[in-house]
$ cat protein34.pdb   # PDB, N, CA and C atoms
ATOM      1  N   MET A   1       0.825  -1.201   0.000
ATOM      2  CA  MET A   1       0.000   0.000   0.000
ATOM      3  C   MET A   1       0.869   1.263   0.000
ATOM      4  N   PHE A   2       1.973   1.224   0.754
ATOM      5  CA  PHE A   2       2.831   2.407   0.878
ATOM      6  C   PHE A   2       3.482   2.770  -0.454
ATOM      7  N   ARG A   3       3.969   1.779  -1.183
ATOM      8  CA  ARG A   3       4.665   2.049  -2.442
ATOM      9  C   ARG A   3       3.782   2.709  -3.498
ATOM     10  N   PRO A   4       2.531   2.254  -3.703
ATOM     11  CA  PRO A   4       1.686   2.936  -4.694
ATOM     12  C   PRO A   4       1.403   4.387  -4.324
ATOM     13  N   VAL A   5       1.218   4.656  -3.035
ATOM     14  CA  VAL A   5       0.971   6.036  -2.591
ATOM     15  C   VAL A   5       2.211   6.880  -2.839
ATOM     16  N   LEU A   6       3.361   6.355  -2.501
ATOM     17  CA  LEU A   6       4.610   7.066  -2.714
ATOM     18  C   LEU A   6       4.828   7.336  -4.202
ATOM     19  N   ALA A   7       4.541   6.352  -5.025
ATOM     20  CA  ALA A   7       4.688   6.511  -6.472
ATOM     21  C   ALA A   7       3.729   7.575  -6.995
ATOM     22  N   ALA A   8       2.509   7.622  -6.471
ATOM     23  CA  ALA A   8       1.527   8.619  -6.908
ATOM     24  C   ALA A   8       1.979  10.026  -6.525
ATOM     25  N   VAL A   9       2.488  10.175  -5.321
ATOM     26  CA  VAL A   9       2.979  11.485  -4.866
ATOM     27  C   VAL A   9       4.160  11.924  -5.729
ATOM     28  N   PHE A  10       5.086  11.032  -5.971
ATOM     29  CA  PHE A  10       6.258  11.343  -6.793
ATOM     30  C   PHE A  10       5.833  11.757  -8.201
ATOM     31  N   THR A  11       4.883  11.038  -8.772
ATOM     32  CA  THR A  11       4.385  11.355 -10.117
ATOM     33  C   THR A  11       3.767  12.742 -10.157
ATOM     34  N   CYS A  12       2.987  13.088  -9.141
ATOM     35  CA  CYS A  12       2.363  14.421  -9.075
ATOM     36  C   CYS A  12       3.419  15.512  -8.979
ATOM     37  N   LEU A  13       4.431  15.270  -8.187
ATOM     38  CA  LEU A  13       5.493  16.271  -8.037
ATOM     39  C   LEU A  13       6.263  16.455  -9.333
ATOM     40  N   MET A  14       6.519  15.374 -10.032
ATOM     41  CA  MET A  14       7.270  15.456 -11.284
ATOM     42  C   MET A  14       6.453  16.121 -12.382
ATOM     43  N   ALA A  15       5.127  16.042 -12.287
ATOM     44  CA  ALA A  15       4.257  16.614 -13.312
ATOM     45  C   ALA A  15       4.009  18.110 -13.093
ATOM     46  N   THR A  16       4.442  18.633 -11.960
ATOM     47  CA  THR A  16       4.229  20.049 -11.655
ATOM     48  C   THR A  16       5.077  20.903 -12.590
ATOM     49  N   PRO A  17       4.464  21.845 -13.301
ATOM     50  CA  PRO A  17       5.246  22.698 -14.206
ATOM     51  C   PRO A  17       6.211  23.590 -13.427
ATOM     52  N   GLN A  18       7.365  23.829 -13.996
ATOM     53  CA  GLN A  18       8.391  24.650 -13.363
ATOM     54  C   GLN A  18       7.871  26.034 -12.990
ATOM     55  N   ALA A  19       6.989  26.595 -13.805
ATOM     56  CA  ALA A  19       6.501  27.953 -13.557
ATOM     57  C   ALA A  19       5.736  28.058 -12.246
ATOM     58  N   SER A  20       5.191  26.961 -11.755
ATOM     59  CA  SER A  20       4.403  27.033 -10.526
ATOM     60  C   SER A  20       5.245  26.832  -9.272
ATOM     61  N   ILE A  21       6.510  26.531  -9.421
ATOM     62  CA  ILE A  21       7.386  26.355  -8.268
ATOM     63  C   ILE A  21       7.818  27.733  -7.774
ATOM     64  N   ALA A  22       7.617  27.964  -6.483
ATOM     65  CA  ALA A  22       7.947  29.266  -5.894
ATOM     66  C   ALA A  22       9.446  29.503  -5.938
ATOM     67  N   LYS A  23       9.829  30.741  -6.238
ATOM     68  CA  LYS A  23      11.234  31.111  -6.216
ATOM     69  C   LYS A  23      11.538  31.714  -4.851
ATOM     70  N   ILE A  24      12.650  31.325  -4.309
ATOM     71  CA  ILE A  24      13.046  31.813  -2.992
ATOM     72  C   ILE A  24      13.975  32.997  -3.164
ATOM     73  N   LYS A  25      13.723  34.041  -2.404
ATOM     74  CA  LYS A  25      14.583  35.211  -2.419
ATOM     75  C   LYS A  25      15.185  35.344  -1.020
ATOM     76  N   LEU A  26      16.487  35.336  -0.956
ATOM     77  CA  LEU A  26      17.181  35.433   0.328
ATOM     78  C   LEU A  26      17.125  36.856   0.862
ATOM     79  N   GLY A  27      17.243  36.987   2.179
ATOM     80  CA  GLY A  27      17.175  38.302   2.819
ATOM     81  C   GLY A  27      18.211  39.273   2.285
ATOM     82  N   ILE A  28      19.436  38.817   2.091
ATOM     83  CA  ILE A  28      20.481  39.711   1.607
ATOM     84  C   ILE A  28      20.178  40.177   0.188
ATOM     85  N   ASP A  29      19.563  39.308  -0.623
ATOM     86  CA  ASP A  29      19.192  39.692  -1.988
ATOM     87  C   ASP A  29      18.069  40.731  -1.966
ATOM     88  N   THR A  30      17.139  40.573  -1.028
ATOM     89  CA  THR A  30      16.057  41.540  -0.885
ATOM     90  C   THR A  30      16.603  42.889  -0.447
ATOM     91  N   LEU A  31      17.514  42.890   0.510
ATOM     92  CA  LEU A  31      18.135  44.143   0.964
ATOM     93  C   LEU A  31      18.890  44.826  -0.177
ATOM     94  N   GLU A  32      19.644  44.036  -0.918
ATOM     95  CA  GLU A  32      20.428  44.588  -2.019
ATOM     96  C   GLU A  32      19.512  45.156  -3.109
ATOM     97  N   ALA A  33      18.417  44.451  -3.401
ATOM     98  CA  ALA A  33      17.474  44.920  -4.426
ATOM     99  C   ALA A  33      16.839  46.248  -4.032
ATOM    100  N   SER A  34      16.677  46.468  -2.723
ATOM    101  CA  SER A  34      16.099  47.726  -2.246
ATOM    102  C   SER A  34      17.177  48.794  -2.043
ATOM    103  N   GLN A  35      18.389  48.497  -2.497
ATOM    104  CA  GLN A  35      19.538  49.399  -2.334
ATOM    105  C   GLN A  35      19.775  49.721  -0.857
ATOM    106  N   PHE A  36      19.520  48.724  -0.010
ATOM    107  CA  PHE A  36      19.769  48.797   1.432
ATOM    108  C   PHE A  36      19.046  49.972   2.096
ATOM    109  N   LYS A  37      17.863  50.331   1.586
ATOM    110  CA  LYS A  37      17.147  51.503   2.103
ATOM    111  C   LYS A  37      16.832  51.392   3.593
ATOM    112  N   HIS A  38      16.629  50.190   4.111
ATOM    113  CA  HIS A  38      16.328  50.018   5.535
ATOM    114  C   HIS A  38      17.568  50.148   6.414
ATOM    115  N   LEU A  39      18.744  50.117   5.806
ATOM    116  CA  LEU A  39      19.986  50.196   6.576
ATOM    117  C   LEU A  39      20.667  51.555   6.470
ATOM    118  N   LYS A  40      20.218  52.397   5.563
ATOM    119  CA  LYS A  40      20.858  53.706   5.356
ATOM    120  C   LYS A  40      20.787  54.539   6.625
ATOM    121  N   GLY A  41      21.932  55.130   6.971
ATOM    122  CA  GLY A  41      22.009  55.990   8.150
ATOM    123  C   GLY A  41      22.111  55.231   9.457
ATOM    124  N   LYS A  42      22.225  53.906   9.391
ATOM    125  CA  LYS A  42      22.311  53.091  10.602
ATOM    126  C   LYS A  42      23.660  52.389  10.662
ATOM    127  N   ARG A  43      24.116  52.157  11.881
ATOM    128  CA  ARG A  43      25.307  51.350  12.093
ATOM    129  C   ARG A  43      24.861  49.889  12.117
ATOM    130  N   VAL A  44      25.531  49.051  11.338
ATOM    131  CA  VAL A  44      25.083  47.670  11.145
ATOM    132  C   VAL A  44      26.074  46.690  11.749
ATOM    133  N   GLY A  45      25.542  45.738  12.503
ATOM    134  CA  GLY A  45      26.308  44.598  12.997
ATOM    135  C   GLY A  45      25.772  43.351  12.325
ATOM    136  N   LEU A  46      26.645  42.465  11.905
ATOM    137  CA  LEU A  46      26.241  41.266  11.174
ATOM    138  C   LEU A  46      26.639  40.012  11.939
ATOM    139  N   ILE A  47      25.656  39.166  12.222
ATOM    140  CA  ILE A  47      25.925  37.834  12.769
ATOM    141  C   ILE A  47      25.962  36.897  11.573
ATOM    142  N   THR A  48      27.094  36.225  11.367
ATOM    143  CA  THR A  48      27.211  35.394  10.163
ATOM    144  C   THR A  48      28.172  34.245  10.362
ATOM    145  N   ASN A  49      28.193  33.384   9.370
ATOM    146  CA  ASN A  49      29.145  32.278   9.262
ATOM    147  C   ASN A  49      29.269  31.962   7.770
ATOM    148  N   PRO A  50      30.043  30.956   7.391
ATOM    149  CA  PRO A  50      30.248  30.701   5.960
ATOM    150  C   PRO A  50      28.974  30.396   5.163
ATOM    151  N   SER A  51      27.890  30.040   5.834
ATOM    152  CA  SER A  51      26.653  29.742   5.096
ATOM    153  C   SER A  51      25.894  31.007   4.704
ATOM    154  N   GLY A  52      26.305  32.169   5.213
ATOM    155  CA  GLY A  52      25.637  33.425   4.883
ATOM    156  C   GLY A  52      26.069  33.928   3.516
ATOM    157  N   VAL A  53      25.281  33.609   2.480
ATOM    158  CA  VAL A  53      25.616  33.993   1.112
ATOM    159  C   VAL A  53      24.377  34.498   0.379
ATOM    160  N   ASN A  54      24.612  35.212  -0.729
ATOM    161  CA  ASN A  54      23.498  35.624  -1.576
ATOM    162  C   ASN A  54      23.246  34.550  -2.635
ATOM    163  N   PHE A  55      22.327  34.813  -3.570
ATOM    164  CA  PHE A  55      21.974  33.795  -4.563
ATOM    165  C   PHE A  55      23.123  33.475  -5.515
ATOM    166  N   LYS A  56      24.136  34.336  -5.585
ATOM    167  CA  LYS A  56      25.294  34.084  -6.440
ATOM    168  C   LYS A  56      26.420  33.378  -5.690
ATOM    169  N   GLY A  57      26.244  33.186  -4.371
ATOM    170  CA  GLY A  57      27.273  32.549  -3.564
ATOM    171  C   GLY A  57      28.252  33.522  -2.925
ATOM    172  N   LYS A  58      28.036  34.822  -3.133
ATOM    173  CA  LYS A  58      28.893  35.843  -2.527
ATOM    174  C   LYS A  58      28.482  35.995  -1.069
ATOM    175  N   THR A  59      29.460  36.102  -0.170
ATOM    176  CA  THR A  59      29.121  36.164   1.247
ATOM    177  C   THR A  59      28.364  37.437   1.595
ATOM    178  N   THR A  60      27.481  37.311   2.574
ATOM    179  CA  THR A  60      26.721  38.452   3.069
ATOM    180  C   THR A  60      27.677  39.527   3.559
ATOM    181  N   LEU A  61      28.756  39.114   4.181
ATOM    182  CA  LEU A  61      29.775  40.045   4.659
ATOM    183  C   LEU A  61      30.318  40.885   3.512
ATOM    184  N   GLU A  62      30.679  40.251   2.410
ATOM    185  CA  GLU A  62      31.207  40.985   1.252
ATOM    186  C   GLU A  62      30.167  41.935   0.668
ATOM    187  N   VAL A  63      28.933  41.460   0.542
ATOM    188  CA  VAL A  63      27.878  42.285  -0.050
ATOM    189  C   VAL A  63      27.660  43.547   0.774
ATOM    190  N   LEU A  64      27.561  43.393   2.097
ATOM    191  CA  LEU A  64      27.338  44.556   2.958
ATOM    192  C   LEU A  64      28.559  45.463   2.998
ATOM    193  N   TYR A  65      29.741  44.877   3.120
ATOM    194  CA  TYR A  65      30.969  45.669   3.220
ATOM    195  C   TYR A  65      31.222  46.484   1.956
ATOM    196  N   GLU A  66      30.920  45.908   0.808
ATOM    197  CA  GLU A  66      31.197  46.586  -0.462
ATOM    198  C   GLU A  66      30.156  47.644  -0.822
ATOM    199  N   SER A  67      29.043  47.670  -0.110
ATOM    200  CA  SER A  67      28.011  48.654  -0.421
ATOM    201  C   SER A  67      28.338  49.999   0.217
ATOM    202  N   PRO A  68      28.335  51.080  -0.569
ATOM    203  CA  PRO A  68      28.580  52.406   0.002
ATOM    204  C   PRO A  68      27.411  52.885   0.865
ATOM    205  N   ASP A  69      26.280  52.201   0.789
ATOM    206  CA  ASP A  69      25.091  52.596   1.549
ATOM    207  C   ASP A  69      24.992  51.932   2.913
ATOM    208  N   VAL A  70      25.957  51.073   3.251
ATOM    209  CA  VAL A  70      25.908  50.336   4.509
ATOM    210  C   VAL A  70      27.119  50.675   5.361
ATOM    211  N   ASP A  71      26.860  51.039   6.627
ATOM    212  CA  ASP A  71      27.934  51.316   7.586
ATOM    213  C   ASP A  71      28.111  50.087   8.470
ATOM    214  N   LEU A  72      28.887  49.128   7.974
ATOM    215  CA  LEU A  72      29.122  47.880   8.700
ATOM    216  C   LEU A  72      30.167  48.125   9.776
ATOM    217  N   VAL A  73      29.751  48.033  11.049
ATOM    218  CA  VAL A  73      30.646  48.397  12.152
ATOM    219  C   VAL A  73      31.051  47.227  13.043
ATOM    220  N   ALA A  74      30.351  46.092  12.950
ATOM    221  CA  ALA A  74      30.686  44.959  13.814
ATOM    222  C   ALA A  74      30.300  43.648  13.155
ATOM    223  N   LEU A  75      31.107  42.629  13.422
ATOM    224  CA  LEU A  75      30.842  41.271  12.940
ATOM    225  C   LEU A  75      30.765  40.339  14.143
ATOM    226  N   PHE A  76      29.837  39.410  14.079
ATOM    227  CA  PHE A  76      29.684  38.420  15.130
ATOM    228  C   PHE A  76      29.683  37.050  14.479
ATOM    229  N   GLY A  77      30.626  36.203  14.887
ATOM    230  CA  GLY A  77      30.732  34.861  14.325
ATOM    231  C   GLY A  77      30.669  33.840  15.434
ATOM    232  N   PRO A  78      29.464  33.460  15.852
ATOM    233  CA  PRO A  78      29.331  32.529  16.969
ATOM    234  C   PRO A  78      29.989  31.177  16.698
ATOM    235  N   GLU A  79      30.486  30.570  17.709
ATOM    236  CA  GLU A  79      31.121  29.257  17.777
ATOM    237  C   GLU A  79      32.328  29.074  16.871
ATOM    238  N   HIS A  80      32.176  29.078  15.567
ATOM    239  CA  HIS A  80      33.305  28.801  14.672
ATOM    240  C   HIS A  80      33.870  30.056  14.012
ATOM    241  N   GLY A  81      33.400  31.228  14.408
ATOM    242  CA  GLY A  81      33.893  32.471  13.836
ATOM    243  C   GLY A  81      33.226  32.813  12.518
ATOM    244  N   VAL A  82      33.490  33.998  12.042
ATOM    245  CA  VAL A  82      32.882  34.515  10.817
ATOM    246  C   VAL A  82      33.212  33.634   9.612
ATOM    247  N   TYR A  83      34.425  33.119   9.553
ATOM    248  CA  TYR A  83      34.855  32.323   8.400
ATOM    249  C   TYR A  83      34.813  30.818   8.653
ATOM    250  N   GLY A  84      34.348  30.408   9.834
ATOM    251  CA  GLY A  84      34.217  28.989  10.141
ATOM    252  C   GLY A  84      35.512  28.267  10.416
ATOM    253  N   VAL A  85      36.554  28.990  10.824
ATOM    254  CA  VAL A  85      37.867  28.369  11.034
ATOM    255  C   VAL A  85      38.215  28.143  12.506
ATOM    256  N   VAL A  86      37.388  28.628  13.415
ATOM    257  CA  VAL A  86      37.662  28.457  14.840
ATOM    258  C   VAL A  86      37.138  27.085  15.266
ATOM    259  N   PRO A  87      37.988  26.258  15.881
ATOM    260  CA  PRO A  87      37.544  24.931  16.318
ATOM    261  C   PRO A  87      36.401  25.021  17.333
ATOM    262  N   ALA A  88      35.525  24.020  17.316
ATOM    263  CA  ALA A  88      34.387  23.966  18.230
ATOM    264  C   ALA A  88      34.859  24.104  19.672
ATOM    265  N   GLY A  89      34.186  24.955  20.410
ATOM    266  CA  GLY A  89      34.496  25.147  21.821
ATOM    267  C   GLY A  89      35.562  26.191  22.098
ATOM    268  N   ASP A  90      36.339  26.585  21.084
ATOM    269  CA  ASP A  90      37.372  27.606  21.280
ATOM    270  C   ASP A  90      36.730  28.984  21.385
ATOM    271  N   TYR A  91      37.389  29.862  22.111
ATOM    272  CA  TYR A  91      36.924  31.231  22.296
ATOM    273  C   TYR A  91      37.242  32.051  21.046
ATOM    274  N   VAL A  92      36.257  32.794  20.559
ATOM    275  CA  VAL A  92      36.472  33.682  19.416
ATOM    276  C   VAL A  92      36.854  35.048  19.992
ATOM    277  N   GLU A  93      38.132  35.368  19.888
ATOM    278  CA  GLU A  93      38.628  36.608  20.482
ATOM    279  C   GLU A  93      38.241  37.821  19.653
ATOM    280  N   SER A  94      38.062  38.941  20.337
ATOM    281  CA  SER A  94      37.763  40.193  19.653
ATOM    282  C   SER A  94      38.995  40.633  18.866
ATOM    283  N   HIS A  95      38.787  40.964  17.612
ATOM    284  CA  HIS A  95      39.889  41.387  16.749
ATOM    285  C   HIS A  95      39.333  42.113  15.535
ATOM    286  N   ARG A  96      40.198  42.748  14.790
ATOM    287  CA  ARG A  96      39.775  43.354  13.525
ATOM    288  C   ARG A  96      39.878  42.298  12.426
ATOM    289  N   ASP A  97      38.832  42.213  11.637
ATOM    290  CA  ASP A  97      38.825  41.276  10.514
ATOM    291  C   ASP A  97      39.913  41.679   9.535
ATOM    292  N   GLU A  98      40.740  40.727   9.124
ATOM    293  CA  GLU A  98      41.863  41.013   8.218
ATOM    294  C   GLU A  98      41.405  41.522   6.851
ATOM    295  N   LYS A  99      40.268  41.046   6.357
ATOM    296  CA  LYS A  99      39.805  41.409   5.026
ATOM    297  C   LYS A  99      39.090  42.766   4.987
ATOM    298  N   THR A 100      38.390  43.122   6.072
ATOM    299  CA  THR A 100      37.559  44.328   6.041
ATOM    300  C   THR A 100      37.977  45.396   7.045
ATOM    301  N   GLY A 101      38.700  44.994   8.085
ATOM    302  CA  GLY A 101      39.052  45.938   9.136
ATOM    303  C   GLY A 101      37.930  46.169  10.134
ATOM    304  N   VAL A 102      36.813  45.490   9.969
ATOM    305  CA  VAL A 102      35.676  45.622  10.870
ATOM    306  C   VAL A 102      35.928  44.765  12.121
ATOM    307  N   TRP A 103      35.497  45.274  13.289
ATOM    308  CA  TRP A 103      35.695  44.531  14.536
ATOM    309  C   TRP A 103      34.837  43.289  14.583
ATOM    310  N   VAL A 104      35.462  42.187  14.976
ATOM    311  CA  VAL A 104      34.749  40.920  15.208
ATOM    312  C   VAL A 104      34.604  40.757  16.707
TER     313      VAL A 104
END

$ encode --input "protein34.pdb" --output "structure tokens"
Amino acid sequence: MFRPVLAAVFTCLMATPQASIAKIKLGIDTLEASQFKHLKGKRVGLITNPSGVNFKGKTTLEVLYESPDVDLVALFGPEHGVYGVVPAGDYVESHRDEKTGVWV
């Protein structure tokens, strides 16, 4: 009984036209599309790790740092650090990020 139901569900999913599949827009892409209007005039702190990327795979850190409309003043990289290189359980010390000069 389980296999025919599973096969029916799979068939329905495969028959769904591509146009009806929802497109996902990431938060950083939405901010960038709005030219960071919600961040203008504000000091921004970013909590991130290596999984924080836009739809092109560019890191959220790079996107915000490179925008002249964003005042990125602090980075927070819990557990493994902003770049994911800190071993589990190690303390992430306060320092200036080598690539951006922003305080971590």

$ resolve_selection --input "protein34.pdb" --expression "the PyMOL selection byres (((chain A and resi 100 and name CA) around 10) and name CA)" --output "number ranges by chain"
A: 61-62, 65-66, 72, 96-99, 101-103

$ axis_aligned_box --input "protein34.pdb" --around "stretch 84-87 of chain A" --padding-each-side "5 Å" --output "JSON"
{"center_x": 36.2, "center_y": 27.7, "center_z": 13.6, "size_x": 14.0, "size_y": 15.5, "size_z": 17.5}

$ atom_distance --input "protein34.pdb" --atom1 "atom N of A:Leu39" --atom2 "atom C of A:Val70"
8.4 Å

$ resolve_selection --input "protein34.pdb" --expression "the PyMOL selection byres (((chain A and resi 41 and name CA) around 9) and name CA)" --output "ChimeraX atom specification"
/A:37-40,42-43,69-71

$ atom_distance --input "protein34.pdb" --atom1 "atom CA of A:Val73" --atom2 "atom CA of A:Thr59"
16.5 Å

$ atom_distance --input "protein34.pdb" --atom1 "atom CA of A:Gly52" --atom2 "atom CA of A:Val82"
9.4 Å

$ closest_residue --input "protein34.pdb" --among "A:Val44, A:Val92, A:Ile28, A:Val104" --to "A:Thr60" --atoms "only N, CA and C atoms"
A:Ile28

$ select_by_dssp --input "protein34.pdb" --residues "stretch 5-102 of chain A" --states "strand (DSSP E or B)" --output "PyMOL selection string"
chain A and resi 43-47+53+59+71-76+96

$ write_last_selection --input "protein34.pdb" --atoms "N, CA and C atoms" --output "compact mmCIF listing (two decimals), keeping the file's coordinate frame"
# COMPACT_ATOMS: atom_id res chain seq x y z
N ARG A 43 24.12 52.16 11.88
CA ARG A 43 25.31 51.35 12.09
C ARG A 43 24.86 49.89 12.12
N VAL A 44 25.53 49.05 11.34
CA VAL A 44 25.08 47.67 11.14
C VAL A 44 26.07 46.69 11.75
N GLY A 45 25.54 45.74 12.50
CA GLY A 45 26.31 44.60 13.00
C GLY A 45 25.77 43.35 12.32
N LEU A 46 26.64 42.46 11.90
CA LEU A 46 26.24 41.27 11.17
C LEU A 46 26.64 40.01 11.94
N ILE A 47 25.66 39.17 12.22
CA ILE A 47 25.92 37.83 12.77
C ILE A 47 25.96 36.90 11.57
N VAL A 53 25.28 33.61 2.48
CA VAL A 53 25.62 33.99 1.11
C VAL A 53 24.38 34.50 0.38
N THR A 59 29.46 36.10 -0.17
CA THR A 59 29.12 36.16 1.25
C THR A 59 28.36 37.44 1.60
N ASP A 71 26.86 51.04 6.63
CA ASP A 71 27.93 51.32 7.59
C ASP A 71 28.11 50.09 8.47
N LEU A 72 28.89 49.13 7.97
CA LEU A 72 29.12 47.88 8.70
C LEU A 72 30.17 48.12 9.78
N VAL A 73 29.75 48.03 11.05
CA VAL A 73 30.65 48.40 12.15
C VAL A 73 31.05 47.23 13.04
N ALA A 74 30.35 46.09 12.95
CA ALA A 74 30.69 44.96 13.81
C ALA A 74 30.30 43.65 13.16
N LEU A 75 31.11 42.63 13.42
CA LEU A 75 30.84 41.27 12.94
C LEU A 75 30.76 40.34 14.14
N PHE A 76 29.84 39.41 14.08
CA PHE A 76 29.68 38.42 15.13
C PHE A 76 29.68 37.05 14.48
N ARG A 96 40.20 42.75 14.79
CA ARG A 96 39.78 43.35 13.52
C ARG A 96 39.88 42.30 12.43

$ closest_residue --input "protein34.pdb" --among "A:Phe36, A:Gly27, A:Phe76, A:Gly89" --to "A:Phe55" --atoms "only N, CA and C atoms"
A:Gly27

$ resolve_selection --input "protein34.pdb" --expression "the PyMOL selection byres ((chain A and resi 83) around 8)" --output "list in words"
Thr48, Asn49, Pro50, Ser51, Phe76, Gly77, His80, Gly81, Val82, Gly84, Val85 and Val86 of chain A

$ closest_residue --input "protein34.pdb" --among "A:Leu31, A:Leu75, A:Ile24, A:Ile47" --to "A:Val63" --atoms "only C-alpha atoms"
A:Leu31

$ closest_residue --input "protein34.pdb" --among "A:Asp29, A:Glu79, A:Ser67, A:Ser34" --to "A:Val53" --atoms "all atoms listed in the file"
A:Asp29

$ decode --input "protein34.pdb" --residues "stretch 74-92 of chain A" --atoms "N, CA and C atoms" --output "short mmCIF file (atom, residue, chain, number, x, y, z; two decimals), in the first residue's frame"
data_model
loop_
_atom_site.label_atom_id
_atom_site.label_comp_id
_atom_site.auth_asym_id
_atom_site.auth_seq_id
_atom_site.Cartn_x
_atom_site.Cartn_y
_atom_site.Cartn_z
N ALA A 74 30.35 46.09 12.95
CA ALA A 74 30.69 44.96 13.81
C ALA A 74 30.30 43.65 13.16
N LEU A 75 31.11 42.63 13.42
CA LEU A 75 30.84 41.27 12.94
C LEU A 75 30.76 40.34 14.14
N PHE A 76 29.84 39.41 14.08
CA PHE A 76 29.68 38.42 15.13
C PHE A 76 29.68 37.05 14.48
N GLY A 77 30.63 36.20 14.89
CA GLY A 77 30.73 34.86 14.32
C GLY A 77 30.67 33.84 15.43
N PRO A 78 29.46 33.46 15.85
CA PRO A 78 29.33 32.53 16.97
C PRO A 78 29.99 31.18 16.70
N GLU A 79 30.49 30.57 17.71
CA GLU A 79 31.12 29.26 17.78
C GLU A 79 32.33 29.07 16.87
N HIS A 80 32.18 29.08 15.57
CA HIS A 80 33.31 28.80 14.67
C HIS A 80 33.87 30.06 14.01
N GLY A 81 33.40 31.23 14.41
CA GLY A 81 33.89 32.47 13.84
C GLY A 81 33.23 32.81 12.52
N VAL A 82 33.49 34.00 12.04
CA VAL A 82 32.88 34.51 10.82
C VAL A 82 33.21 33.63 9.61
N TYR A 83 34.42 33.12 9.55
CA TYR A 83 34.86 32.32 8.40
C TYR A 83 34.81 30.82 8.65
N GLY A 84 34.35 30.41 9.83
CA GLY A 84 34.22 28.99 10.14
C GLY A 84 35.51 28.27 10.42
N VAL A 85 36.55 28.99 10.82
CA VAL A 85 37.87 28.37 11.03
C VAL A 85 38.22 28.14 12.51
N VAL A 86 37.39 28.63 13.41
CA VAL A 86 37.66 28.46 14.84
C VAL A 86 37.14 27.09 15.27
N PRO A 87 37.99 26.26 15.88
CA PRO A 87 37.54 24.93 16.32
C PRO A 87 36.40 25.02 17.33
N ALA A 88 35.53 24.02 17.32
CA ALA A 88 34.39 23.97 18.23
C ALA A 88 34.86 24.10 19.67
N GLY A 89 34.19 24.95 20.41
CA GLY A 89 34.50 25.15 21.82
C GLY A 89 35.56 26.19 22.10
N ASP A 90 36.34 26.58 21.08
CA ASP A 90 37.37 27.61 21.28
C ASP A 90 36.73 28.98 21.38
N TYR A 91 37.39 29.86 22.11
CA TYR A 91 36.92 31.23 22.30
C TYR A 91 37.24 32.05 21.05
N VAL A 92 36.26 32.79 20.56
CA VAL A 92 36.47 33.68 19.42
C VAL A 92 36.85 35.05 19.99
#
